[in-house]
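Visitor: Structure file structure-v3.cif, mmCIF, C-alpha atoms, is pasted below:
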data_target
loop_
_atom_site.label_atom_id
_atom_site.label_comp_id
_atom_site.auth_asym_id
_atom_site.auth_seq_id
_atom_site.Cartn_x
_atom_site.Cartn_y
_atom_site.Cartn_z
CA MET A 1 -5.65 -38.51 37.37
CA ARG A 2 -4.08 -35.06 37.61
CA GLN A 3 -3.84 -34.83 33.80
CA ASN A 4 -7.54 -35.68 33.54
CA LEU A 5 -8.36 -32.81 35.88
CA TRP A 6 -6.38 -30.46 33.64
CA LEU A 7 -8.24 -31.77 30.61
CA ALA A 8 -11.58 -31.25 32.37
CA LEU A 9 -10.60 -27.74 33.43
CA ILE A 10 -9.41 -26.66 29.98
CA LEU A 11 -12.45 -28.15 28.24
CA ALA A 12 -14.78 -26.55 30.80
CA VAL A 13 -13.24 -23.12 30.12
CA LEU A 14 -13.60 -23.67 26.38
CA ALA A 15 -17.21 -24.77 26.90
CA VAL A 16 -17.94 -21.49 28.71
CA VAL A 17 -16.33 -19.58 25.83
CA TYR A 18 -18.42 -21.56 23.34
CA LEU A 19 -21.65 -20.86 25.21
CA THR A 20 -21.07 -17.20 25.99
CA LEU A 21 -19.33 -15.92 22.85
CA PRO A 22 -21.38 -16.96 19.81
CA ASP A 23 -18.98 -15.20 17.44
CA LEU A 24 -16.18 -17.54 18.52
CA ARG A 25 -18.18 -20.77 18.35
CA LEU A 26 -16.59 -22.18 15.21
CA VAL A 27 -13.06 -21.50 16.42
CA THR A 28 -13.86 -22.84 19.90
CA ALA A 29 -15.36 -26.03 18.44
CA VAL A 30 -12.13 -26.71 16.55
CA VAL A 31 -9.97 -25.86 19.58
CA ILE A 32 -12.00 -28.22 21.81
CA GLY A 33 -11.44 -31.10 19.38
CA LEU A 34 -7.77 -30.22 18.98
CA VAL A 35 -7.12 -29.98 22.73
CA TYR A 36 -8.70 -33.39 23.31
CA PHE A 37 -6.78 -35.01 20.44
CA LEU A 38 -3.43 -33.55 21.52
CA TYR A 39 -4.13 -34.51 25.14
CA GLY A 40 -4.67 -38.11 24.05
CA ILE A 41 -1.46 -38.18 22.05
CA ILE A 42 0.63 -36.62 24.84
CA ILE A 43 -0.80 -38.88 27.57
CA HIS A 44 -0.18 -42.05 25.57
CA LEU A 45 3.28 -40.84 24.55
CA THR A 46 4.25 -40.38 28.19
CA ASP A 47 2.71 -43.80 28.99
CA LYS A 48 4.63 -45.29 26.06
CA SER A 49 1.35 -46.77 24.83
CA LEU A 50 0.89 -44.73 21.67
CA HIS A 51 -0.23 -46.83 18.71
CA LEU A 52 -1.98 -46.05 15.45
CA LEU A 53 -5.27 -47.47 16.73
CA VAL A 54 -5.16 -45.21 19.78
CA VAL A 55 -4.35 -42.16 17.65
CA LEU A 56 -7.27 -42.97 15.34
CA GLU A 57 -9.60 -43.47 18.32
CA TYR A 58 -8.85 -39.97 19.64
CA LEU A 59 -8.95 -38.53 16.12
CA PHE A 60 -12.38 -39.96 15.32
CA LEU A 61 -13.86 -38.95 18.66
CA SER A 62 -12.48 -35.41 18.36
CA PHE A 63 -13.79 -35.17 14.77
CA LEU A 64 -17.19 -36.35 15.96
CA GLY A 65 -17.31 -33.84 18.82
CA THR A 66 -16.10 -30.97 16.65
CA ALA A 67 -18.60 -31.80 13.91
CA ILE A 68 -21.46 -31.83 16.43
CA LEU A 69 -20.38 -28.47 17.87
CA ILE A 70 -19.99 -26.88 14.44
CA PHE A 71 -23.39 -28.11 13.27
CA ILE A 72 -25.16 -27.02 16.45
CA SER A 73 -23.59 -23.55 16.20
CA TYR A 74 -24.67 -23.34 12.55
CA ARG A 75 -28.27 -24.22 13.50
CA ALA A 76 -28.34 -22.03 16.63
CA MET B 77 -25.96 -59.42 19.09
CA LEU B 78 -26.72 -56.53 21.48
CA ALA B 79 -24.00 -57.67 23.85
CA HIS B 80 -21.57 -57.79 20.92
CA LEU B 81 -22.56 -54.21 20.01
CA PHE B 82 -22.60 -52.66 23.45
CA THR B 83 -20.33 -54.63 25.83
CA PRO B 84 -16.68 -55.69 25.65
CA ARG B 85 -16.34 -59.45 25.16
CA GLY B 86 -14.27 -62.01 23.33
CA SER B 87 -16.31 -61.77 20.13
CA ASN B 88 -15.47 -58.05 19.71
CA ASN B 89 -11.90 -58.28 20.94
CA TYR B 90 -12.95 -56.85 24.33
CA LYS B 91 -14.20 -53.55 23.01
CA ALA B 92 -17.88 -52.87 22.33
CA LYS B 93 -18.46 -52.89 18.59
CA ALA B 94 -20.20 -49.49 18.86
CA LEU B 95 -16.97 -47.99 20.26
CA GLN B 96 -14.69 -49.37 17.59
CA LEU B 97 -13.26 -47.21 14.81
CA SER B 98 -15.65 -48.52 12.18
CA SER B 99 -18.64 -47.52 14.31
CA LEU B 100 -17.19 -44.13 15.25
CA SER B 101 -16.63 -43.34 11.57
CA SER B 102 -20.21 -44.45 10.84
CA PHE B 103 -21.52 -42.11 13.56
CA LEU B 104 -19.49 -39.26 12.06
CA LEU B 105 -20.87 -40.02 8.61
CA LEU B 106 -24.40 -40.24 10.02
CA ILE B 107 -24.10 -36.78 11.60
CA ILE B 108 -22.73 -35.22 8.41
CA VAL B 109 -25.35 -36.86 6.16
CA GLY B 110 -28.10 -35.89 8.63
CA GLN B 111 -27.03 -32.24 8.52
CA LEU B 112 -26.80 -32.27 4.74
CA LEU B 113 -30.32 -33.69 4.60
CA ILE B 114 -31.61 -30.99 6.96
CA THR B 115 -30.03 -28.31 4.78
CA VAL B 116 -31.23 -29.81 1.49
CA VAL B 117 -34.77 -30.47 2.73
CA GLY B 118 -34.88 -26.99 4.32
CA ARG B 119 -34.05 -25.39 0.99
CA ALA B 120 -35.98 -27.72 -1.31
CA VAL B 121 -39.20 -27.89 0.69
CA PRO B 122 -39.84 -24.57 2.44
CA GLY B 123 -42.03 -24.82 5.52
CA VAL B 124 -40.79 -28.24 6.66
CA LEU B 125 -37.58 -27.40 8.53
CA GLY B 126 -36.73 -24.14 10.23
CA ILE B 127 -37.41 -22.07 13.29
CA ALA B 128 -40.96 -21.06 14.21
CA SER B 129 -41.18 -18.10 16.56
CA SER B 130 -43.79 -16.10 18.43
CA ILE B 131 -41.83 -12.85 18.22
CA SER B 132 -43.84 -9.71 17.65
CA ALA B 133 -42.71 -6.11 17.13
CA ALA B 134 -45.26 -4.88 19.69
CA ASP B 135 -43.84 -7.20 22.39
CA LEU B 136 -40.29 -6.12 21.57
CA VAL B 137 -41.23 -2.44 21.90
CA ASN B 138 -42.97 -3.09 25.22
CA LEU B 139 -40.05 -5.12 26.59
CA THR B 140 -37.51 -2.52 25.42
CA ASN B 141 -39.49 0.28 27.06
CA ALA B 142 -39.88 -1.80 30.22
CA LYS B 143 -36.07 -2.10 30.46
CA ARG B 144 -35.75 1.65 30.01
CA ALA B 145 -38.44 2.32 32.62
CA GLU B 146 -36.54 0.15 35.12
CA LEU B 147 -33.63 2.57 34.78
CA GLY B 148 -35.84 5.64 35.00
CA LEU B 149 -35.39 6.50 31.32
CA PRO B 150 -38.19 7.91 29.15
CA THR B 151 -39.94 5.37 26.95
CA LEU B 152 -39.30 5.34 23.22
CA SER B 153 -42.04 6.33 20.78
CA VAL B 154 -42.81 3.99 17.92
CA ASN B 155 -41.98 5.77 14.69
CA GLN B 156 -43.45 4.63 11.38
CA ALA B 157 -40.49 5.88 9.34
CA LEU B 158 -38.08 3.95 11.60
CA ALA B 159 -40.28 0.85 11.32
CA ASN B 160 -40.15 1.25 7.54
CA ALA B 161 -36.36 1.60 7.71
CA ALA B 162 -36.15 -1.57 9.81
CA SER B 163 -38.43 -3.38 7.38
CA LEU B 164 -36.31 -2.25 4.41
CA LYS B 165 -33.16 -3.46 6.16
CA ALA B 166 -34.72 -6.84 7.01
CA SER B 167 -35.93 -7.29 3.42
CA ASP B 168 -32.47 -6.36 2.13
CA MET B 169 -30.84 -8.96 4.43
CA MET B 170 -33.29 -11.62 3.28
CA ALA B 171 -32.87 -10.74 -0.40
CA LYS B 172 -29.06 -10.56 -0.33
CA ASN B 173 -28.70 -13.32 2.27
CA TYR B 174 -26.28 -11.57 4.64
CA TRP B 175 -25.99 -11.43 8.42
CA SER B 176 -24.24 -8.15 9.09
CA HIS B 177 -24.86 -4.50 9.84
CA THR B 178 -23.38 -3.62 6.46
CA SER B 179 -24.48 -5.40 3.28
CA PRO B 180 -21.97 -7.12 0.95
CA ASP B 181 -22.27 -4.17 -1.44
CA GLY B 182 -21.39 -1.73 1.36
CA THR B 183 -24.87 -0.43 2.24
CA THR B 184 -24.84 0.72 5.86
CA PRO B 185 -27.90 0.74 8.17
CA TRP B 186 -27.98 4.55 7.90
CA TYR B 187 -28.91 4.30 4.24
CA PHE B 188 -32.27 2.79 5.27
CA PHE B 189 -32.93 5.67 7.69
CA GLY B 190 -32.58 8.08 4.77
CA ALA B 191 -34.53 5.87 2.38
CA SER B 192 -37.53 5.85 4.73
CA GLY B 193 -37.34 9.61 5.26
CA TYR B 194 -35.98 9.63 8.83
CA SER B 195 -33.35 12.32 9.15
CA TYR B 196 -31.50 11.58 12.35
CA LEU B 197 -29.41 13.28 14.92
CA TYR B 198 -28.61 9.94 16.59
CA ALA B 199 -29.21 6.49 15.17
CA GLY B 200 -28.61 2.90 16.26
CA GLU B 201 -29.37 -0.64 15.15
CA ASN B 202 -29.69 -4.03 16.88
CA LEU B 203 -30.16 -7.30 14.98
CA ALA B 204 -31.36 -10.75 16.07
CA ARG B 205 -32.19 -14.01 14.34
CA ASP B 206 -33.33 -17.57 15.12
CA PHE B 207 -34.97 -16.73 18.47
CA MET B 208 -38.21 -18.37 19.58
CA ASP B 209 -39.84 -15.52 21.54
CA SER B 210 -39.59 -11.78 22.16
CA GLY B 211 -38.33 -12.17 25.74
CA SER B 212 -35.32 -14.21 24.60
CA VAL B 213 -34.41 -11.57 22.03
CA VAL B 214 -34.46 -8.70 24.52
CA SER B 215 -32.63 -10.80 27.15
CA ALA B 216 -29.86 -11.59 24.66
CA TRP B 217 -29.52 -7.92 23.74
CA MET B 218 -29.48 -6.88 27.40
CA ASN B 219 -26.71 -9.41 28.08
CA SER B 220 -24.54 -7.81 25.42
CA PRO B 221 -23.00 -4.49 26.57
CA THR B 222 -23.08 -2.88 23.11
CA HIS B 223 -26.68 -3.86 22.37
CA LYS B 224 -27.75 -2.89 25.86
CA ALA B 225 -26.11 0.51 25.30
CA ASN B 226 -28.51 1.09 22.42
CA ILE B 227 -31.57 -0.06 24.39
CA VAL B 228 -30.88 2.08 27.46
CA SER B 229 -29.35 5.08 25.70
CA PRO B 230 -30.98 8.31 26.92
CA ARG B 231 -30.22 10.03 23.61
CA TYR B 232 -32.77 8.05 21.59
CA HIS B 233 -36.37 9.23 21.30
CA ASP B 234 -37.83 6.85 18.69
CA ILE B 235 -37.89 3.15 17.93
CA GLY B 236 -38.90 1.08 14.89
CA ILE B 237 -38.90 -2.70 14.69
CA ALA B 238 -39.35 -5.18 11.86
CA VAL B 239 -39.96 -8.89 12.49
CA VAL B 240 -39.61 -10.82 9.26
CA SER B 241 -40.01 -14.56 8.75
CA GLY B 242 -38.68 -16.34 5.69
CA ASN B 243 -35.94 -18.49 4.23
CA PHE B 244 -32.73 -16.92 5.46
CA MET B 245 -29.29 -18.43 4.88
CA GLY B 246 -30.69 -21.85 4.10
CA GLN B 247 -33.45 -22.24 6.66
CA GLU B 248 -36.84 -20.89 7.63
CA THR B 249 -36.31 -18.45 10.44
CA THR B 250 -37.28 -15.12 11.98
CA LEU B 251 -35.16 -12.03 11.60
CA VAL B 252 -35.51 -9.00 13.90
CA VAL B 253 -34.26 -5.51 13.08
CA GLN B 254 -34.53 -2.93 15.84
CA MET B 255 -33.74 0.67 14.93
CA PHE B 256 -33.35 3.60 17.29
CA GLY B 257 -33.25 7.26 16.42
CA THR B 258 -33.55 10.83 17.45
CA PRO B 259 -34.83 13.05 14.65
CA ALA B 260 -32.68 15.90 13.46
CA SER B 261 -35.58 18.21 14.31
CA ALA B 262 -34.98 17.42 18.00
CA GLN B 263 -31.73 19.36 17.78
CA VAL B 264 -33.64 22.47 16.76
CA ALA B 265 -35.96 22.09 19.74
CA GLN B 266 -33.06 21.53 22.16
CA VAL B 267 -31.22 24.54 20.86
CA ALA B 268 -34.32 26.71 21.16
CA VAL B 269 -34.95 25.69 24.76
CA ALA B 270 -31.33 26.11 25.80
CA GLU B 271 -30.95 29.34 23.88
CA VAL B 272 -27.68 28.17 22.42
CA ALA B 273 -26.08 30.17 19.63
CA ALA B 274 -27.85 29.61 16.32
CA GLU B 275 -24.60 28.93 14.44
CA GLU B 276 -23.92 25.67 16.31
CA THR B 277 -24.10 22.78 13.86
CA ALA B 278 -25.53 19.40 14.60
CA THR B 279 -23.42 16.30 14.02
CA PRO B 280 -25.47 13.15 13.43
CA ILE B 281 -24.15 10.15 15.29
CA ALA B 282 -24.92 6.54 14.53
CA SER B 283 -24.08 3.34 16.35
CA VAL B 284 -24.72 -0.33 15.76
CA GLY B 285 -25.16 -2.99 18.41
CA ALA B 286 -21.98 -4.95 17.89
CA GLU B 287 -19.71 -1.98 17.36
CA PRO B 288 -19.21 0.34 20.29
CA THR B 289 -17.43 2.92 18.17
CA GLU B 290 -19.53 5.68 16.73
CA GLU B 291 -19.79 6.57 13.09
CA ILE B 292 -20.35 10.04 11.77
CA ALA B 293 -22.88 10.42 8.97
CA THR B 294 -24.10 13.45 7.10
CA PRO B 295 -27.84 13.97 6.88
CA GLU B 296 -29.15 14.12 3.34
CA GLN B 297 -32.54 15.59 4.05
CA VAL B 298 -34.59 17.02 6.87
CA THR B 299 -38.10 15.72 7.38
CA VAL B 300 -40.70 15.90 10.09
CA ALA B 301 -40.84 12.57 11.90
CA LEU B 302 -44.25 10.94 11.97
CA ILE B 303 -45.22 8.93 15.03
CA ASP B 304 -47.37 5.92 14.39
CA GLN B 305 -48.37 2.51 15.77
CA PRO B 306 -45.87 -0.34 16.06
CA ARG B 307 -45.34 -2.19 12.85
CA VAL B 308 -45.16 -5.95 12.57
CA ALA B 309 -43.83 -6.92 9.18
CA GLY B 310 -44.41 -10.53 8.21
CA LEU B 311 -43.29 -11.33 4.70
CA TYR B 312 -44.18 -14.98 5.11
CA ASP B 313 -46.98 -16.45 7.15
CA ARG B 314 -45.90 -20.11 7.04
CA PHE B 315 -44.37 -21.80 10.05
CA PRO B 316 -41.88 -24.66 9.69
CA PHE B 317 -43.07 -28.12 10.62
CA LEU B 318 -39.81 -29.06 12.35
CA ASN B 319 -37.31 -26.89 14.22
CA SER B 320 -33.91 -27.54 12.62
CA PHE B 321 -32.03 -26.49 15.77
CA GLN B 322 -34.06 -28.78 18.03
CA LEU B 323 -33.70 -31.63 15.54
CA THR B 324 -29.92 -31.20 15.35
CA ARG B 325 -29.68 -30.97 19.13
CA ALA B 326 -31.83 -34.07 19.64
CA MET B 327 -29.67 -36.09 17.22
CA SER B 328 -26.45 -34.87 18.83
CA LEU B 329 -27.71 -35.44 22.39
CA SER B 330 -28.82 -38.99 21.55
CA LEU B 331 -25.46 -39.89 20.07
CA THR B 332 -23.49 -38.27 22.91
CA LEU B 333 -25.58 -40.01 25.58
CA LEU B 334 -25.20 -43.35 23.79
CA LEU B 335 -21.42 -42.99 23.61
CA LEU B 336 -21.22 -41.89 27.25
CA ALA B 337 -23.26 -44.91 28.38
CA LEU B 338 -21.12 -47.25 26.27
CA ILE B 339 -17.90 -45.82 27.70
CA VAL B 340 -19.16 -46.27 31.27
CA ILE B 341 -20.26 -49.88 30.56
CA ASP B 342 -16.95 -50.54 28.83
CA ALA B 343 -14.89 -49.13 31.72
CA VAL B 344 -16.85 -51.11 34.35
CA VAL B 345 -16.59 -54.44 32.50
CA ILE B 346 -12.90 -54.00 31.66
CA THR B 347 -12.06 -53.07 35.26
CA ARG B 348 -14.04 -55.96 36.73
CA LYS B 349 -12.57 -58.54 34.37
CA LYS B 350 -9.11 -57.00 34.72
CA ILE B 351 -8.62 -57.01 30.96
CA THR B 352 -5.57 -55.27 29.48
CA ARG B 353 -5.99 -53.99 25.95
CA LEU B 354 -4.76 -51.40 23.48
CA SER B 355 -7.19 -48.48 23.74
CA GLY B 356 -7.65 -44.81 24.62
CA LYS B 357 -8.31 -43.67 28.20
CA SER B 358 -11.94 -44.19 29.16
CA LEU B 359 -11.87 -41.34 31.69
CA ALA B 360 -10.56 -38.90 29.04
CA HIS B 361 -13.30 -39.98 26.63
CA PHE B 362 -15.85 -39.58 29.41
CA ILE B 363 -14.66 -36.04 30.22
CA PHE B 364 -14.70 -35.02 26.54
CA LEU B 365 -18.17 -36.40 25.91
CA GLY B 366 -19.42 -35.05 29.26
CA ILE B 367 -18.34 -31.52 28.30
CA LEU B 368 -19.97 -32.01 24.90
CA LEU B 369 -23.18 -33.09 26.65
CA LEU B 370 -23.14 -30.01 28.89
CA ILE B 371 -22.67 -27.72 25.88
CA LEU B 372 -25.58 -29.39 24.08
CA LEU B 373 -27.78 -29.00 27.15
CA PHE B 374 -26.98 -25.34 27.72
CA VAL B 375 -26.56 -23.97 24.20
CA LYS B 376 -29.26 -21.43 23.39
CA GLN B 377 -30.90 -20.71 20.11
CA GLY B 378 -30.58 -17.30 18.52
CA LEU B 379 -27.89 -14.88 17.40
CA ILE B 380 -27.56 -11.16 17.91
CA LEU B 381 -25.50 -8.62 16.05
#
Take the structure in the file and give it back as structure tokens.
Guide:
Amino acid sequence: MRQNLWLALILAVLAVVYLTLPDLRLVTAVVIGLVYFLYGIIIHLTDKSLHLLVVLEYLFLSFLGTAILIFISYRA
Amino acid sequence: MLAHLFTPRGSNNYKAKALQLSSLSSFLLLIIVGQLLITVVGRAVPGVLGIASSISAADLVNLTNAKRAELGLPTLSVNQALANAASLKASDMMAKNYWSHTSPDGTTPWYFFGASGYSYLYAGENLARDFMDSGSVVSAWMNSPTHKANIVSPRYHDIGIAVVSGNFMGQETTLVVQMFGTPASAQVAQVAVAEVAAEETATPIASVGAEPTEEIATPEQVTVALIDQPRVAGLYDRFPFLNSFQLTRAMSLSLTLLLLALIVIDAVVITRKKITRLSGKSLAHFIFLGILLLILLFVKQGLIL
């Protein structure tokens, strides 16, 4: 639960950066995806529940989120 | 079929089909192909996709002067030569397809001041693109310290604005160039009033919105500044049928909301049925997609430079 709060806090800060600093949008979009992916890996490593399927699940979701953020910043 | 797609059950190995890797990769592919289509259609069929705006140079001048008036500053006079300079700069950006104060071949904004016959003592430039209305443009500039510094600078006397619509960097959009200046002749008047020694030389100073540092430029010619009516330069009169930003946002919001709903349904069913399975953390996915949703809801259209 505590780790999830940290994730929410870090992503919220990055979201504010994304929204307020248009010049940093591309970098922030990549960082948001990376933070989420690494969080997933670390949490499942500590839980000893890390498997290829879990890694791919986080990878695909982070790719999806990053792609959406990059495209929206390109169109905005 | 729907239950198989959207709820965890035996037939989908207790994970909604829409949340499985094959579906996530399909969603990713869908987003990428959708964006490619928007770009290709935007370029191949002008007037279909882009950003339609109601921005006008007259409104921008009025709003800029209103901001100055709030601070007790004198209003800026619309100058035809500055409007021409702004129009030249906007046309240059459109033609060479660049989004910067300096063109790829090194042409600075100050070149356009000279080209339109405005010899300046002080000069400044603000740029904006992809906005929907004049109020949003001025608000964005006022929220940026360097752009605001240009708008509320007491050293400027004149203003010239160009609003140009056309195909810019792959999509139909509206580009705004706002130029500020004080003519070199103003120095002569100031010196005369203050009775300062005649040998004192004037140093022209120029600043651009995104760069707080000042640049020194040498005037090439001295001309008498002509004051004229605000200029609205529209190179293209067509308005795009669809707004590419709104379309992209709608697609992204739909997908994010769908995934969020699926994750909630998935978490509820799995918890109720006390099913143990190999999967990522639902709460982490929910937080990630929730933040993504918030960004999509609050992201604003338009860039300034």
Visitor: Can you tell me, as a PyMOL selection string, what residues are no more than 8 Å from stretch 51-59 of chain A when counting all atoms listed in the file, ignoring any on the same chain fewer than 4 positions away?
Guide: (chain A and resi 36-37+40-41+63) or (chain B and resi 96-97+354-356)
Visitor: So, counting only C-alpha atoms, which residue among B:Tyr232, B:Leu373, B:Gln322, B:Arg348 is closest to B:Pro84?
Guide: B:Arg348
Visitor: To verify the selection step, state as a ChimeraX atom specification which residues the PyMOL selection byres ((chain A) within 9 of (chain B)) yields on this input.
Guide: /A:1,4,7-8,11-12,15-16,18-20,22-23,32-33,36,39-40,43-44,49-51,53-58,60-65,67-69,71-76
Visitor: In Å, rounded to a single decimal, give me how far atom CA of B:Tyr174 is from atom CA of B:Ser210.
Guide: 22.0 Å
Visitor: Apply the PyMOL selection byres ((chain B and resi 223-227) around 12) to the structure shown and report the selected residues as a ChimeraX atom specification.
Guide: /B:136-147,149-152,198-204,213-222,228-235,254-257,282-290,380-381
Visitor: Considering all atoms listed in the file, state which residue in the set B:Val121, B:Val154, B:Leu197, B:Leu112 is at the smallest distance from B:Ala260.
Guide: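 When distances to B:Ala260 are compared using all atoms listed in the file, the smallest one comes from B:Leu197.
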